[in-house]
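Colleague: One structure is given below, represented as structure tokens, and several questions about it will come after.
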Amino acid sequence: MNIEKRDHGGGLDAAATVFGGTRVDWVDLSTGINPVPYPIPAINADAWTALPDRAARHALEDAARDFWAVPEAAAVLAVPGASSAIAQIPRLAEAGTVCIPGPTYNEHAASFVAEGWIVTQTPNVATTSVHVNPNNPDGRIWQASDPHGTMRIIDESFCDVTPNDTLINQASEPGTLVLKSFGKFWGLAGLRLGFVIGDPVLIERLRAMIGPWAVAGPALTIGTAALHDRTWADDTRVRLQQDADRLDQLLISKGAKLIGGTSLFRLYEVPDAVEWQTALACNHIWSRVFPYNKKWLRLGLPDPSSWPRLEQALL
């Protein structure tokens, strides 16, 4: 059942109009957001009442540089969500042909098409490339030799669960931009915080596009604290993998086949994905299906209190 015309996870309000209940009644497993978010630190009142401070922005970007071991030659830009950068990046070069291997996160293609680009999956005809690493929805890991063209976009929104797979070293190459999401791994998607790391010339142009004070004061405070908290990050990776393994065991026991994913979301093959989605939705559990593959079902992780509901719904 295609609740949303746009091919994304989420959409609980639309799901509720079909299957009943309100948002608080639902367990949303349609996204790849950590269900146990980073604990919000104390936030000074002026983070809410004053324009975002330049020193606070520099502190956040310095924390990002340290956390992701950004090459010295690369620049770091904090943005109001990785999606805001995705919408602007096609404007950084003259429209041509961009290679976006798929299936993958569809906002990249939509943004390039909106700016007059031609999207292809054939590498040797493209001047620009986009690689989602690890890929959404199948979790494919790309290698340093895969990005190509005069502008190379590497979307690592889900790479914080497997930091050894990062291509951040490519950020020092001219024409390269690496995207990082804060909302996924740290579980604070509503904060609207992301990062673009790479070619200083492109970064400065992108900074001008998004304008001053792009990242809210509370986001500066929370993001800086989180990026400095290595213990939380290490512990979270362990917990996420344990929960992903538990989800696999549960779904496989019900006849699903594991296709791939990350420890934030799992992709399964089932006989009829819409049928599975509907059965779960009748129990107010929302999942993700794909218009291009009728057998693919993607599930994020339940929060600790929601496992019994999922297990009961799959009986």
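Residues are referred to by chain and number: the chain letter is A, B, ... according to the order shown in the structure tokens, the number counts from 1 in that chain, and ligands are numbered separately from 1 in the order shown.
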Do you have, as a Markdown table, the list of residues of segment 18-99 of chain A lying at most 10 Å from segment 238-243 of chain A, each with its nearest atom pair and that distance in Å to one decimal, counting only C-alpha atoms and ordered by chain then number?
Modeller:
```
| residue | atom | partner | partner_atom | distance |
| --- | --- | --- | --- | --- |
| A:Asn34 | CA | A:Leu240 | CA | 8.0 |
| A:Pro35 | CA | A:Leu240 | CA | 9.5 |
| A:Val36 | CA | A:Leu240 | CA | 9.4 |
```
Colleague: Taking the DSSP secondary structure from the backbone, can you list the residues of segment 52-225 of chain A that are strand (DSSP E or B), as a PyMOL selection string?
Modeller: chain A and resi 75-79+97-99+118-120+128-132+151-155+176-181+194-198
Colleague: If we count only C-alpha atoms, what is near Val27 of chain A at a cut-off of 12 Å, once residues fewer than 3 positions away on the same chain are taken out, given as a PyMOL selection string?
Modeller: chain A and resi 10-12+15-16+21-24+30-31+35+280-287+299-310+313
Colleague: Would you mind reading off the distance between atom CA of Ser181 of chain A and atom CA of Gly194 of chain A, one decimal, in Å?
Modeller: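 Atom-to-atom, atom CA of Ser181 of chain A to atom CA of Gly194 of chain A, that is 4.5 Å.
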Colleague: Tell me, in Å to one decimal, how far atom CA of Asp199 of chain A is from atom CA of Gln143 of chain A.
Modeller: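 It comes out at 19.1 Å.
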